[in-house]
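Pasting target.pdb here (PDB, C-alpha atoms):
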MODEL        1
ATOM      1  CA  MET N   1      99.680 172.358 110.134
ATOM      2  CA  ARG N   2      98.083 172.847 113.562
ATOM      3  CA  ASN N   3      94.634 172.307 112.023
ATOM      4  CA  TYR N   4      95.940 169.050 110.447
ATOM      5  CA  PHE N   5      96.964 167.583 113.798
ATOM      6  CA  LYS N   6      93.621 168.552 115.291
ATOM      7  CA  TYR N   7      91.909 166.708 112.456
ATOM      8  CA  LEU N   8      94.113 163.631 112.951
ATOM      9  CA  ALA N   9      93.321 163.542 116.683
ATOM     10  CA  VAL N  10      89.604 163.636 115.971
ATOM     11  CA  VAL N  11      89.940 160.752 113.512
ATOM     12  CA  LEU N  12      91.897 158.612 116.003
ATOM     13  CA  ILE N  13      89.427 159.237 118.813
ATOM     14  CA  GLY N  14      86.545 158.398 116.526
ATOM     15  CA  SER N  15      88.294 155.172 115.534
ATOM     16  CA  ILE N  16      88.586 154.149 119.183
ATOM     17  CA  PHE N  17      84.850 154.570 119.743
ATOM     18  CA  PHE N  18      84.105 152.769 116.496
ATOM     19  CA  LEU N  19      86.338 149.777 117.341
ATOM     20  CA  PRO N  20      83.929 147.942 119.710
ATOM     21  CA  SER N  21      81.255 147.838 117.047
ATOM     22  CA  CYS N  22      83.751 146.200 114.676
ATOM     23  CA  ILE N  23      84.668 143.575 117.286
ATOM     24  CA  GLU N  24      81.011 142.877 117.986
ATOM     25  CA  THR N  25      80.350 142.275 114.284
ATOM     26  CA  ASP N  26      83.243 139.804 114.042
ATOM     27  CA  ASP N  27      82.041 137.943 117.134
ATOM     28  CA  LEU N  28      78.579 137.586 115.661
ATOM     29  CA  MET N  29      80.088 136.111 112.541
ATOM     30  CA  THR N  30      82.229 133.542 114.392
ATOM     31  CA  SER N  31      79.371 132.537 116.675
ATOM     32  CA  ASN N  32      77.646 130.938 113.688
ATOM     33  CA  VAL N  33      80.577 128.658 112.786
ATOM     34  CA  SER N  34      79.622 124.957 112.957
ATOM     35  CA  VAL N  35      80.980 123.073 115.956
ATOM     36  CA  GLY N  36      80.741 119.573 117.449
ATOM     37  CA  GLY N  37      81.307 116.112 116.055
ATOM     38  CA  LEU N  38      84.320 115.043 118.100
ATOM     39  CA  VAL N  39      84.306 111.476 119.451
ATOM     40  CA  THR N  40      86.827 109.451 121.459
ATOM     41  CA  PRO N  41      87.599 105.744 121.015
ATOM     42  CA  VAL N  42      87.456 104.001 124.399
ATOM     43  CA  THR N  43      89.220 100.994 122.879
ATOM     44  CA  LYS N  44      92.632 102.306 121.839
ATOM     45  CA  ASN N  45      94.622  99.085 121.334
ATOM     46  CA  VAL N  46      93.575  95.527 120.544
ATOM     47  CA  PRO N  47      96.048  92.607 120.394
ATOM     48  CA  TYR N  48      94.613  90.478 117.591
ATOM     49  CA  LYS N  49      95.835  87.041 118.677
ATOM     50  CA  LEU N  50      96.155  84.726 115.696
ATOM     51  CA  GLY N  51      93.926  81.702 116.094
ATOM     52  CA  ALA N  52      92.558  82.976 119.400
ATOM     53  CA  THR N  53      90.417  86.033 118.571
ATOM     54  CA  PRO N  54      87.052  84.903 117.197
ATOM     55  CA  SER N  55      85.630  88.397 117.799
ATOM     56  CA  PHE N  56      86.283  91.567 119.774
ATOM     57  CA  ASP N  57      84.583  94.868 120.628
ATOM     58  CA  VAL N  58      85.567  98.449 119.808
ATOM     59  CA  SER N  59      83.865 101.023 122.043
ATOM     60  CA  VAL N  60      83.464 104.724 121.237
ATOM     61  CA  LEU N  61      82.524 107.626 123.531
ATOM     62  CA  VAL N  62      80.395 110.396 122.027
ATOM     63  CA  PRO N  63      80.409 113.329 124.494
ATOM     64  CA  VAL N  64      77.314 115.453 125.076
ATOM     65  CA  GLY N  65      76.999 118.159 122.426
ATOM     66  CA  PRO N  66      75.512 118.880 118.994
ATOM     67  CA  ALA N  67      73.470 115.966 117.677
ATOM     68  CA  ILE N  68      75.425 113.226 115.890
ATOM     69  CA  GLN N  69      73.522 110.846 113.636
ATOM     70  CA  LYS N  70      76.215 108.174 113.340
ATOM     71  CA  VAL N  71      79.937 107.522 113.520
ATOM     72  CA  GLU N  72      81.604 105.996 110.466
ATOM     73  CA  MET N  73      84.623 103.785 111.123
ATOM     74  CA  TYR N  74      87.310 103.443 108.446
ATOM     75  CA  LYS N  75      90.148 100.908 108.322
ATOM     76  CA  THR N  76      93.644 100.765 106.835
ATOM     77  CA  PHE N  77      96.115  97.875 107.054
ATOM     78  CA  THR N  78      99.908  98.210 107.316
ATOM     79  CA  ASP N  79     102.047  95.153 106.532
ATOM     80  CA  ILE N  80     105.377  94.131 108.019
ATOM     81  CA  THR N  81     107.315  96.188 105.439
ATOM     82  CA  GLY N  82     105.345  99.354 106.166
ATOM     83  CA  LYS N  83     103.251  99.176 102.993
ATOM     84  CA  LYS N  84      99.683 100.418 103.477
ATOM     85  CA  SER N  85      96.433  99.164 102.002
ATOM     86  CA  ASN N  86      93.596 101.266 100.657
ATOM     87  CA  THR N  87      91.153 102.781 103.149
ATOM     88  CA  ALA N  88      87.688 101.227 103.362
ATOM     89  CA  LEU N  89      84.575 101.585 105.479
ATOM     90  CA  LEU N  90      84.688  99.145 108.406
ATOM     91  CA  GLY N  91      81.239  99.859 109.804
ATOM     92  CA  THR N  92      78.990 102.469 111.399
ATOM     93  CA  LEU N  93      77.884 103.173 114.945
ATOM     94  CA  ASP N  94      74.347 104.619 115.166
ATOM     95  CA  VAL N  95      74.056 107.469 117.679
ATOM     96  CA  ASN N  96      70.674 108.876 116.574
ATOM     97  CA  SER N  97      71.215 112.182 118.448
ATOM     98  CA  ALA N  98      71.414 110.377 121.821
ATOM     99  CA  ASN N  99      74.399 112.587 122.729
ATOM    100  CA  THR N 100      72.359 115.811 122.950
ATOM    101  CA  SER N 101      71.450 115.286 126.613
ATOM    102  CA  LYS N 102      74.270 113.075 127.944
ATOM    103  CA  ASP N 103      77.424 111.236 126.951
ATOM    104  CA  PHE N 104      76.775 108.257 124.709
ATOM    105  CA  THR N 105      78.944 105.127 124.562
ATOM    106  CA  GLY N 106      78.437 102.575 121.843
ATOM    107  CA  LYS N 107      80.338  99.577 120.558
ATOM    108  CA  VAL N 108      80.669  97.402 117.498
ATOM    109  CA  THR N 109      81.661  93.735 117.495
ATOM    110  CA  LEU N 110      84.182  92.783 114.824
ATOM    111  CA  LYS N 111      85.557  89.575 113.312
ATOM    112  CA  TYR N 112      88.472  88.867 111.000
ATOM    113  CA  ALA N 113      86.148  88.887 107.996
ATOM    114  CA  ASP N 114      85.144  92.467 108.885
ATOM    115  CA  LEU N 115      88.782  93.560 109.105
ATOM    116  CA  ILE N 116      89.818  92.300 105.661
ATOM    117  CA  LYS N 117      86.661  93.032 103.647
ATOM    118  CA  ASP N 118      87.302  95.420 100.694
ATOM    119  CA  LEU N 119      90.994  95.867 101.609
ATOM    120  CA  THR N 120      93.768  95.289  99.088
ATOM    121  CA  ILE N 121      97.491  95.650  99.536
ATOM    122  CA  GLY N 122     100.001  95.486  96.735
ATOM    123  CA  GLY N 123      97.119  94.907  94.343
ATOM    124  CA  LYS N 124      95.959  91.769  96.142
ATOM    125  CA  ALA N 125      93.092  91.069  98.506
ATOM    126  CA  MET N 126      94.031  90.328 102.092
ATOM    127  CA  PRO N 127      94.329  86.599 102.919
ATOM    128  CA  ALA N 128      91.232  84.756 104.077
ATOM    129  CA  ASN N 129      93.550  82.686 106.292
ATOM    130  CA  GLU N 130      94.662  84.888 109.207
ATOM    131  CA  GLY N 131      97.557  82.507 109.845
ATOM    132  CA  LEU N 132      99.314  84.055 106.853
ATOM    133  CA  LEU N 133      99.631  87.421 108.630
ATOM    134  CA  ASN N 134     102.863  88.477 110.305
ATOM    135  CA  ILE N 135     103.365  89.520 113.916
ATOM    136  CA  GLY N 136     103.672  93.300 114.044
ATOM    137  CA  GLU N 137     101.268  94.043 111.189
ATOM    138  CA  ALA N 138      98.249  96.134 112.142
ATOM    139  CA  TRP N 139      94.963  97.756 111.221
ATOM    140  CA  THR N 140      94.334 101.406 112.049
ATOM    141  CA  ILE N 141      90.741 102.526 112.595
ATOM    142  CA  THR N 142      89.757 106.174 112.163
ATOM    143  CA  PHE N 143      86.435 107.784 113.057
ATOM    144  CA  THR N 144      84.202 110.259 111.179
ATOM    145  CA  SER N 145      81.093 111.784 112.748
ATOM    146  CA  VAL N 146      78.020 112.516 110.622
ATOM    147  CA  MET N 147      76.071 115.421 112.119
ATOM    148  CA  ALA N 148      72.300 115.022 112.423
ATOM    149  CA  ASN N 149      71.247 118.537 111.410
ATOM    150  CA  ASP N 150      73.098 118.983 108.126
ATOM    151  CA  GLN N 151      74.862 115.657 107.399
ATOM    152  CA  ARG N 152      78.174 117.455 107.788
ATOM    153  CA  LYS N 153      81.100 115.059 108.312
ATOM    154  CA  VAL N 154      83.736 115.690 110.997
ATOM    155  CA  ASN N 155      86.997 113.744 110.960
ATOM    156  CA  ASN N 156      88.491 112.812 114.329
ATOM    157  CA  GLY N 157      92.211 112.565 114.991
ATOM    158  CA  ALA N 158      92.054 109.715 117.525
ATOM    159  CA  THR N 159      92.544 106.139 116.305
ATOM    160  CA  THR N 160      92.233 102.530 117.419
ATOM    161  CA  ASN N 161      95.145 100.213 116.661
ATOM    162  CA  ILE N 162      94.549  96.485 116.085
ATOM    163  CA  GLY N 163      97.937  94.765 116.143
ATOM    164  CA  VAL N 164      98.553  91.247 114.888
ATOM    165  CA  ALA N 165      99.800  89.243 117.857
ATOM    166  CA  ASN N 166     100.251  85.630 118.874
ATOM    167  CA  ALA N 167      98.055  83.660 121.277
ATOM    168  CA  TYR N 168     100.235  84.557 124.281
ATOM    169  CA  ALA N 169     100.676  88.333 123.957
ATOM    170  CA  GLY N 170      99.162  90.633 126.557
ATOM    171  CA  ASP N 171      99.289  91.707 130.198
ATOM    172  CA  TYR N 172      99.997  89.249 133.006
ATOM    173  CA  GLN N 173     100.341  89.419 136.758
ATOM    174  CA  CYS N 174     103.675  87.829 137.549
ATOM    175  CA  VAL N 175     104.474  86.431 141.006
ATOM    176  CA  GLY N 176     107.537  84.472 142.035
ATOM    177  CA  VAL N 177     110.952  84.563 143.638
ATOM    178  CA  PHE N 178     114.332  85.891 142.559
ATOM    179  CA  THR N 179     117.005  83.991 144.489
ATOM    180  CA  HIS N 180     120.409  85.707 144.715
ATOM    181  CA  PRO N 181     123.403  83.500 145.653
ATOM    182  CA  THR N 182     124.534  85.808 148.476
ATOM    183  CA  ALA N 183     121.660  88.229 149.204
ATOM    184  CA  GLY N 184     119.069  85.461 149.308
ATOM    185  CA  PRO N 185     115.510  85.391 147.918
ATOM    186  CA  ARG N 186     113.313  88.398 147.149
ATOM    187  CA  PRO N 187     109.661  88.260 146.071
ATOM    188  CA  ILE N 188     108.420  89.168 142.598
ATOM    189  CA  ASN N 189     104.915  90.592 142.222
ATOM    190  CA  GLU N 190     104.403  92.892 139.253
ATOM    191  CA  LYS N 191     102.431  93.399 136.071
ATOM    192  CA  LYS N 192     104.309  92.308 132.953
ATOM    193  CA  PHE N 193     103.591  92.474 129.230
ATOM    194  CA  LEU N 194     104.424  89.598 126.901
ATOM    195  CA  LYS N 195     105.539  91.298 123.689
ATOM    196  CA  PRO N 196     104.787  89.116 120.643
ATOM    197  CA  LEU N 197     107.672  88.292 118.298
ATOM    198  CA  THR N 198     106.505  85.337 116.217
ATOM    199  CA  ALA N 199     103.549  82.948 116.306
ATOM    200  CA  TYR N 200     105.137  81.047 119.205
ATOM    201  CA  SER N 201     107.565  83.460 120.876
ATOM    202  CA  CYS N 202     107.423  86.547 123.088
ATOM    203  CA  ASN N 203     109.889  88.849 124.808
ATOM    204  CA  ILE N 204     109.682  89.266 128.609
ATOM    205  CA  PRO N 205     111.580  91.041 131.412
ATOM    206  CA  VAL N 206     113.969  88.825 133.376
ATOM    207  CA  GLY N 207     112.633  88.492 136.939
ATOM    208  CA  ASP N 208     112.242  91.960 138.441
ATOM    209  CA  LEU N 209     115.113  93.373 136.363
ATOM    210  CA  GLY N 210     113.160  94.699 133.396
ATOM    211  CA  GLY N 211     113.809  98.233 134.554
ATOM    212  CA  SER N 212     117.537  97.449 134.468
ATOM    213  CA  GLY N 213     117.421  96.258 130.859
ATOM    214  CA  TYR N 214     117.330  92.482 131.406
ATOM    215  CA  PHE N 215     115.129  90.687 128.860
ATOM    216  CA  VAL N 216     114.776  87.279 127.242
ATOM    217  CA  ASP N 217     112.727  85.651 124.476
ATOM    218  CA  ILE N 218     110.530  82.721 125.482
ATOM    219  CA  VAL N 219     109.571  80.139 122.853
ATOM    220  CA  VAL N 220     106.534  77.862 123.262
ATOM    221  CA  ASP N 221     106.559  74.437 121.619
ATOM    222  CA  PRO N 222     103.073  74.262 119.994
ATOM    223  CA  VAL N 223     102.850  70.498 120.590
ATOM    224  CA  THR N 224     104.210  70.023 124.122
ATOM    225  CA  ASN N 225     103.772  73.638 125.389
ATOM    226  CA  THR N 226     107.293  73.438 126.851
ATOM    227  CA  VAL N 227     108.990  76.835 127.085
ATOM    228  CA  THR N 228     112.631  77.414 126.125
ATOM    229  CA  TYR N 229     114.770  80.569 126.280
ATOM    230  CA  LYS N 230     116.948  82.460 123.834
ATOM    231  CA  ASN N 231     118.462  85.888 123.160
ATOM    232  CA  GLY N 232     118.976  86.813 126.804
ATOM    233  CA  THR N 233     120.093  90.418 127.260
ATOM    234  CA  PRO N 234     122.567  91.345 128.707
ATOM    235  CA  ALA N 235     123.133  87.866 130.187
ATOM    236  CA  GLU N 236     122.530  84.418 128.748
ATOM    237  CA  ILE N 237     119.387  82.870 130.216
ATOM    238  CA  ILE N 238     119.535  79.155 131.028
ATOM    239  CA  ALA N 239     116.587  76.830 131.660
ATOM    240  CA  SER N 240     116.460  75.325 135.161
ATOM    241  CA  ALA N 241     116.072  71.605 135.750
ATOM    242  CA  GLU N 242     112.398  72.147 136.554
ATOM    243  CA  ARG N 243     110.321  72.304 133.365
ATOM    244  CA  SER N 244     109.052  75.662 132.104
ATOM    245  CA  TYR N 245     105.727  75.432 130.317
ATOM    246  CA  TYR N 246     102.536  77.128 129.121
ATOM    247  CA  GLU N 247      99.187  75.852 130.445
ATOM    248  CA  PRO N 248      96.516  76.276 127.709
ATOM    249  CA  SER N 249      93.556  75.573 130.008
ATOM    250  CA  THR N 250      94.365  78.577 132.243
ATOM    251  CA  GLY N 251      96.583  80.689 129.996
ATOM    252  CA  LYS N 252      99.298  80.648 132.691
ATOM    253  CA  PHE N 253     103.057  80.418 132.238
ATOM    254  CA  TYR N 254     105.263  78.563 134.730
ATOM    255  CA  LEU N 255     108.851  79.702 134.186
ATOM    256  CA  HIS N 256     112.070  78.472 135.834
ATOM    257  CA  TYR N 257     115.413  79.832 134.659
ATOM    258  CA  TYR N 258     118.662  81.434 135.779
ATOM    259  CA  TYR N 259     121.684  83.385 134.674
ATOM    260  CA  VAL N 260     125.262  83.300 135.933
ATOM    261  CA  GLY N 261     126.645  86.273 137.867
ATOM    262  CA  GLY N 262     129.993  87.006 139.465
ATOM    263  CA  THR N 263     129.075  85.274 142.722
ATOM    264  CA  GLY N 264     126.951  82.455 141.328
ATOM    265  CA  ASN N 265     123.594  81.698 139.729
ATOM    266  CA  ARG N 266     120.661  84.109 139.911
ATOM    267  CA  VAL N 267     117.613  81.811 139.929
ATOM    268  CA  ILE N 268     114.142  82.995 138.904
ATOM    269  CA  ASP N 269     110.884  81.062 139.438
ATOM    270  CA  GLU N 270     107.713  82.743 138.179
ATOM    271  CA  VAL N 271     104.037  82.171 137.477
ATOM    272  CA  TYR N 272     102.361  84.424 134.882
ATOM    273  CA  THR N 273      98.566  84.770 135.180
ATOM    274  CA  PRO N 274      96.780  86.559 132.301
ATOM    275  CA  ILE N 275      94.970  89.766 133.218
ATOM    276  CA  LYS N 276      91.539  89.704 131.581
TER     277      LYS N 276
ENDMDL
END
If you took the structure in this file and wrote it as structure tokens, what would it be?
Amino acid sequence: MRNYFKYLAVVLIGSIFFLPSCIETDDLMTSNVSVGGLVTPVTKNVPYKLGATPSFDVSVLVPVGPAIQKVEMYKTFTDITGKKSNTALLGTLDVNSANTSKDFTGKVTLKYADLIKDLTIGGKAMPANEGLLNIGEAWTITFTSVMANDQRKVNNGATTNIGVANAYAGDYQCVGVFTHPTAGPRPINEKKFLKPLTAYSCNIPVGDLGGSGYFVDIVVDPVTNTVTYKNGTPAEIIASAERSYYEPSTGKFYLHYYYVGGTGNRVIDEVYTPIK
């Protein structure tokens, strides 16, 4: 029995000395695993404004690393019910190994015809008339790198979303005045987002109370460009005597409205300037 334990100790000690060589072998094996191919879309979201987006750019960053020959861009469309189309090739971005010495940024310019080509949904081709799309529908673009050395393809998890929007959706710088019946006026100067609802309506924060849950839908008359209000939350929003309107030549909104509080009317006068 004593000789057995001596033998076991020798085996264990020998295993300890042998272990580094095993680790070294594994490391040599993993060092040959293929790496690289990851890219990052610089353009993450695009509001596709119906009737107002003749073309737009999607930019992609290819970080320095193993040589990439090109980046393939694939598209899928999701309709208002959540039904998805097939996936089709949208286009390619040629890198030609330019990322081996420094970061490479490239872009592709897209039109509506590019977005709908080869896509079907519910067994039907997508409409040639973009006016038939619904607000809230969207394309999702995914990216696949093709490596220069072995043509290996690497799928990337990041995506670009192209959402169907109306002509008014987007970011604006809003300046104006919120006049309280007892506390007096206070200035408004903040960035606001017009959330598209339909072809001619958006949802906006009320004055400077968006953080408090005050919102209202604005509706643009496509003929006169006059703006009206509906669905005020949590208070009814009423149009002031001064006309609210959209100015097509500048893209600005001039809004005048109020709501009734316990001590009187809260009056809001604002000018929305689009942020390019």
Worksheet item: If the PyMOL selection byres ((chain N and resi 62) around 12) is run on the structure shown, which residues does it catch, given as JSON, numbers by chain?
Response: {"N": [36, 37, 38, 39, 40, 41, 42, 59, 60, 61, 63, 64, 65, 66, 67, 68, 69, 70, 71, 93, 94, 95, 96, 97, 98, 99, 100, 101, 102, 103, 104, 105, 106, 107, 143, 144, 145, 146, 147, 156]}
May I have the selected residues written with C-alpha atoms, as a PDB file, in the frame of the given file?
ATOM      1  CA  GLY N  36      80.741 119.573 117.449  1.00  0.00           C
ATOM      2  CA  GLY N  37      81.307 116.112 116.055  1.00  0.00           C
ATOM      3  CA  LEU N  38      84.320 115.043 118.100  1.00  0.00           C
ATOM      4  CA  VAL N  39      84.306 111.476 119.451  1.00  0.00           C
ATOM      5  CA  THR N  40      86.827 109.451 121.459  1.00  0.00           C
ATOM      6  CA  PRO N  41      87.599 105.744 121.015  1.00  0.00           C
ATOM      7  CA  VAL N  42      87.456 104.001 124.399  1.00  0.00           C
ATOM      8  CA  SER N  59      83.865 101.023 122.043  1.00  0.00           C
ATOM      9  CA  VAL N  60      83.464 104.724 121.237  1.00  0.00           C
ATOM     10  CA  LEU N  61      82.524 107.626 123.531  1.00  0.00           C
ATOM     11  CA  PRO N  63      80.409 113.329 124.494  1.00  0.00           C
ATOM     12  CA  VAL N  64      77.314 115.453 125.076  1.00  0.00           C
ATOM     13  CA  GLY N  65      76.999 118.159 122.426  1.00  0.00           C
ATOM     14  CA  PRO N  66      75.512 118.880 118.994  1.00  0.00           C
ATOM     15  CA  ALA N  67      73.470 115.966 117.677  1.00  0.00           C
ATOM     16  CA  ILE N  68      75.425 113.226 115.890  1.00  0.00           C
ATOM     17  CA  GLN N  69      73.522 110.846 113.636  1.00  0.00           C
ATOM     18  CA  LYS N  70      76.215 108.174 113.340  1.00  0.00           C
ATOM     19  CA  VAL N  71      79.937 107.522 113.520  1.00  0.00           C
ATOM     20  CA  LEU N  93      77.884 103.173 114.945  1.00  0.00           C
ATOM     21  CA  ASP N  94      74.347 104.619 115.166  1.00  0.00           C
ATOM     22  CA  VAL N  95      74.056 107.469 117.679  1.00  0.00           C
ATOM     23  CA  ASN N  96      70.674 108.876 116.574  1.00  0.00           C
ATOM     24  CA  SER N  97      71.215 112.182 118.448  1.00  0.00           C
ATOM     25  CA  ALA N  98      71.414 110.377 121.821  1.00  0.00           C
ATOM     26  CA  ASN N  99      74.399 112.587 122.729  1.00  0.00           C
ATOM     27  CA  THR N 100      72.359 115.811 122.950  1.00  0.00           C
ATOM     28  CA  SER N 101      71.450 115.286 126.613  1.00  0.00           C
ATOM     29  CA  LYS N 102      74.270 113.075 127.944  1.00  0.00           C
ATOM     30  CA  ASP N 103      77.424 111.236 126.951  1.00  0.00           C
ATOM     31  CA  PHE N 104      76.775 108.257 124.709  1.00  0.00           C
ATOM     32  CA  THR N 105      78.944 105.127 124.562  1.00  0.00           C
ATOM     33  CA  GLY N 106      78.437 102.575 121.843  1.00  0.00           C
ATOM     34  CA  LYS N 107      80.338  99.577 120.558  1.00  0.00           C
ATOM     35  CA  PHE N 143      86.435 107.784 113.057  1.00  0.00           C
ATOM     36  CA  THR N 144      84.202 110.259 111.179  1.00  0.00           C
ATOM     37  CA  SER N 145      81.093 111.784 112.748  1.00  0.00           C
ATOM     38  CA  VAL N 146      78.020 112.516 110.622  1.00  0.00           C
ATOM     39  CA  MET N 147      76.071 115.421 112.119  1.00  0.00           C
ATOM     40  CA  ASN N 156      88.491 112.812 114.329  1.00  0.00           C
TER      41      ASN N 156
END
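Each of N:Lys75, N:Lys83, N:Arg266, N:Lys252 was checked against Thr159 of chain N using all atoms listed in the file; the smallest atom-to-atom distance is that of N:Lys75.
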Worksheet item: Just so the selection is clear, what residues does the PyMOL selection byres ((chain N and resi 258) around 8) cover here, as a PyMOL selection string?
Response: chain N and resi 237-240+256-257+259-260+265-268
Discussion item. Would you compute the distance between atom CA of Lys192 of chain N and atom CA of Ser249 of chain N? Give it in Å to one decimal.
Written reply: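 Separating atom CA of Lys192 of chain N from atom CA of Ser249 of chain N is a distance of 20.1 Å.
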As AutoDock Vina command-line options, please: the centre and edge lengths in Å, to one decimal, of an axis-aligned box enclosing every listed atom of segment 174-189 of chain N with 8 Å added on each side.
--center_x 114.1 --center_y 87.0 --center_z 143.4 --size_x 36.9 --size_y 23.1 --size_z 27.8
Discussion item. Take the PyMOL selection byres ((chain N and resi 81) around 12), run it mentally on this structure, and tell me the resulting residues as a ChimeraX atom specification.
Written reply: /N:77-80,82-85,121-122,134-138
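Atom to atom, atom CA of Pro274 of chain N and atom CA of Gln173 of chain N stand 6.4 Å apart.
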Discussion item. So that I can check the surroundings of Ser244 of chain N, please list as a PyMOL selection string every protein, DNA and RNA residue that reaches within 8 Å of it, counting only C-alpha atoms and ignoring chain neighbours fewer than 2 positions away.
Written reply: chain N and resi 226-228+239+242+246+253-256
Once you have the residues from the selection above, write them out as a PDB file, in the frame of the given file, restricted to C-alpha atoms.
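Listing of selection_1.pdb after writing:
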ATOM      1  CA  THR N 226     107.293  73.438 126.851  1.00  0.00           C
ATOM      2  CA  VAL N 227     108.990  76.835 127.085  1.00  0.00           C
ATOM      3  CA  THR N 228     112.631  77.414 126.125  1.00  0.00           C
ATOM      4  CA  ALA N 239     116.587  76.830 131.660  1.00  0.00           C
ATOM      5  CA  GLU N 242     112.398  72.147 136.554  1.00  0.00           C
ATOM      6  CA  TYR N 246     102.536  77.128 129.121  1.00  0.00           C
ATOM      7  CA  PHE N 253     103.057  80.418 132.238  1.00  0.00           C
ATOM      8  CA  TYR N 254     105.263  78.563 134.730  1.00  0.00           C
ATOM      9  CA  LEU N 255     108.851  79.702 134.186  1.00  0.00           C
ATOM     10  CA  HIS N 256     112.070  78.472 135.834  1.00  0.00           C
TER      11      HIS N 256
END
Practice prompt. Find the residues around Leu89 of chain N up to 10 Å (only C-alpha atoms counted), leave out those fewer than 2 positions away in its own chain, and share them as an NGL selection string.
Written response: :N and (72-76 or 87 or 91-92 or 114-115 or 117-119 or 141-143)
Practice prompt. Go ahead and compute the interatomic distance for atom CA of Ile162 of chain N and atom CA of Glu190 of chain N, in Å to one decimal.
Written response: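 These atoms are spaced 25.4 Å apart.
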Do you know which residues are at most 10 Å from Asn166 of chain N counting only C-alpha atoms, after dropping those on the same chain fewer than 2 positions away, and could you put them as an mmCIF file with C-alpha atoms, in the coordinates of the input?
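Result file is selection.cif:
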data_model
loop_
_atom_site.group_PDB
_atom_site.id
_atom_site.type_symbol
_atom_site.label_atom_id
_atom_site.label_comp_id
_atom_site.auth_asym_id
_atom_site.auth_seq_id
_atom_site.Cartn_x
_atom_site.Cartn_y
_atom_site.Cartn_z
ATOM 1 C CA PRO N 47 96.048 92.607 120.394
ATOM 2 C CA TYR N 48 94.613 90.478 117.591
ATOM 3 C CA LYS N 49 95.835 87.041 118.677
ATOM 4 C CA LEU N 50 96.155 84.726 115.696
ATOM 5 C CA GLY N 51 93.926 81.702 116.094
ATOM 6 C CA ALA N 52 92.558 82.976 119.400
ATOM 7 C CA THR N 53 90.417 86.033 118.571
ATOM 8 C CA GLY N 131 97.557 82.507 109.845
ATOM 9 C CA ASN N 134 102.863 88.477 110.305
ATOM 10 C CA ILE N 135 103.365 89.520 113.916
ATOM 11 C CA GLY N 136 103.672 93.300 114.044
ATOM 12 C CA GLY N 163 97.937 94.765 116.143
ATOM 13 C CA VAL N 164 98.553 91.247 114.888
ATOM 14 C CA TYR N 168 100.235 84.557 124.281
ATOM 15 C CA ALA N 169 100.676 88.333 123.957
ATOM 16 C CA GLY N 170 99.162 90.633 126.557
ATOM 17 C CA LEU N 194 104.424 89.598 126.901
ATOM 18 C CA LYS N 195 105.539 91.298 123.689
ATOM 19 C CA PRO N 196 104.787 89.116 120.643
ATOM 20 C CA LEU N 197 107.672 88.292 118.298
ATOM 21 C CA THR N 198 106.505 85.337 116.217
ATOM 22 C CA ALA N 199 103.549 82.948 116.306
ATOM 23 C CA TYR N 200 105.137 81.047 119.205
ATOM 24 C CA SER N 201 107.565 83.460 120.876
ATOM 25 C CA CYS N 202 107.423 86.547 123.088
#
Fill in: Selected residue, from N:Leu110, N:Asp57, N:Thr140, N:Gly232, that lies nearest to Gly157 of chain N when counting only C-alpha atoms
N:Thr140
Discussion item. Let me make sure I understand: among N:Gly262, N:Thr224, N:Lys153, N:Asp269, which one has the smallest atom-to-atom distance to Ala241 of chain N if we use only C-alpha atoms?
Written reply: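 So, comparing all the options, the nearest one is N:Asp269.
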Discussion item. From the options N:Tyr272, N:Phe178, N:Tyr172, N:Tyr245, which residue's atoms come nearest to Phe193 of chain N, counting all atoms listed in the file?
Written reply: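 When distances to Phe193 of chain N are compared using all atoms listed in the file, the smallest one comes from N:Tyr172.
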Fill in: From N:Val216, N:Val271, N:Ala148, N:Val58, residue lying nearest Ile188 of chain N [all atoms listed in the file]
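For Ile188 of chain N, the nearest of the given residues is N:Val271.
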Discussion item. Considering all atoms listed in the file, can you say which of N:Leu90, N:Ala167, N:Val108, N:Val46 comes closest to Val220 of chain N?
Written reply: N:Ala167
Have segment 72-79 of chain N completed to N, CA and C atoms, please, and pass it along as a CSV table (one decimal), in the frame of the given file.
chain,number,residue,atom,x,y,z
N,72,GLU,N,81.1,106.9,111.5
N,72,GLU,CA,81.6,106.0,110.5
N,72,GLU,C,83.0,105.6,110.9
N,73,MET,N,83.3,104.3,110.8
N,73,MET,CA,84.6,103.8,111.1
N,73,MET,C,85.3,103.3,109.9
N,74,TYR,N,86.5,103.8,109.6
N,74,TYR,CA,87.3,103.4,108.4
N,74,TYR,C,88.6,102.7,108.9
N,75,LYS,N,89.0,101.8,108.0
N,75,LYS,CA,90.1,100.9,108.3
N,75,LYS,C,91.2,101.0,107.3
N,76,THR,N,92.5,100.9,107.7
N,76,THR,CA,93.6,100.8,106.8
N,76,THR,C,94.6,99.7,107.4
N,77,PHE,N,95.2,98.9,106.6
N,77,PHE,CA,96.1,97.9,107.1
N,77,PHE,C,97.5,98.2,106.7
N,78,THR,N,98.5,98.0,107.6
N,78,THR,CA,99.9,98.2,107.3
N,78,THR,C,100.6,96.9,107.5
N,79,ASP,N,101.4,96.4,106.4
N,79,ASP,CA,102.0,95.2,106.5
N,79,ASP,C,103.4,95.3,107.2
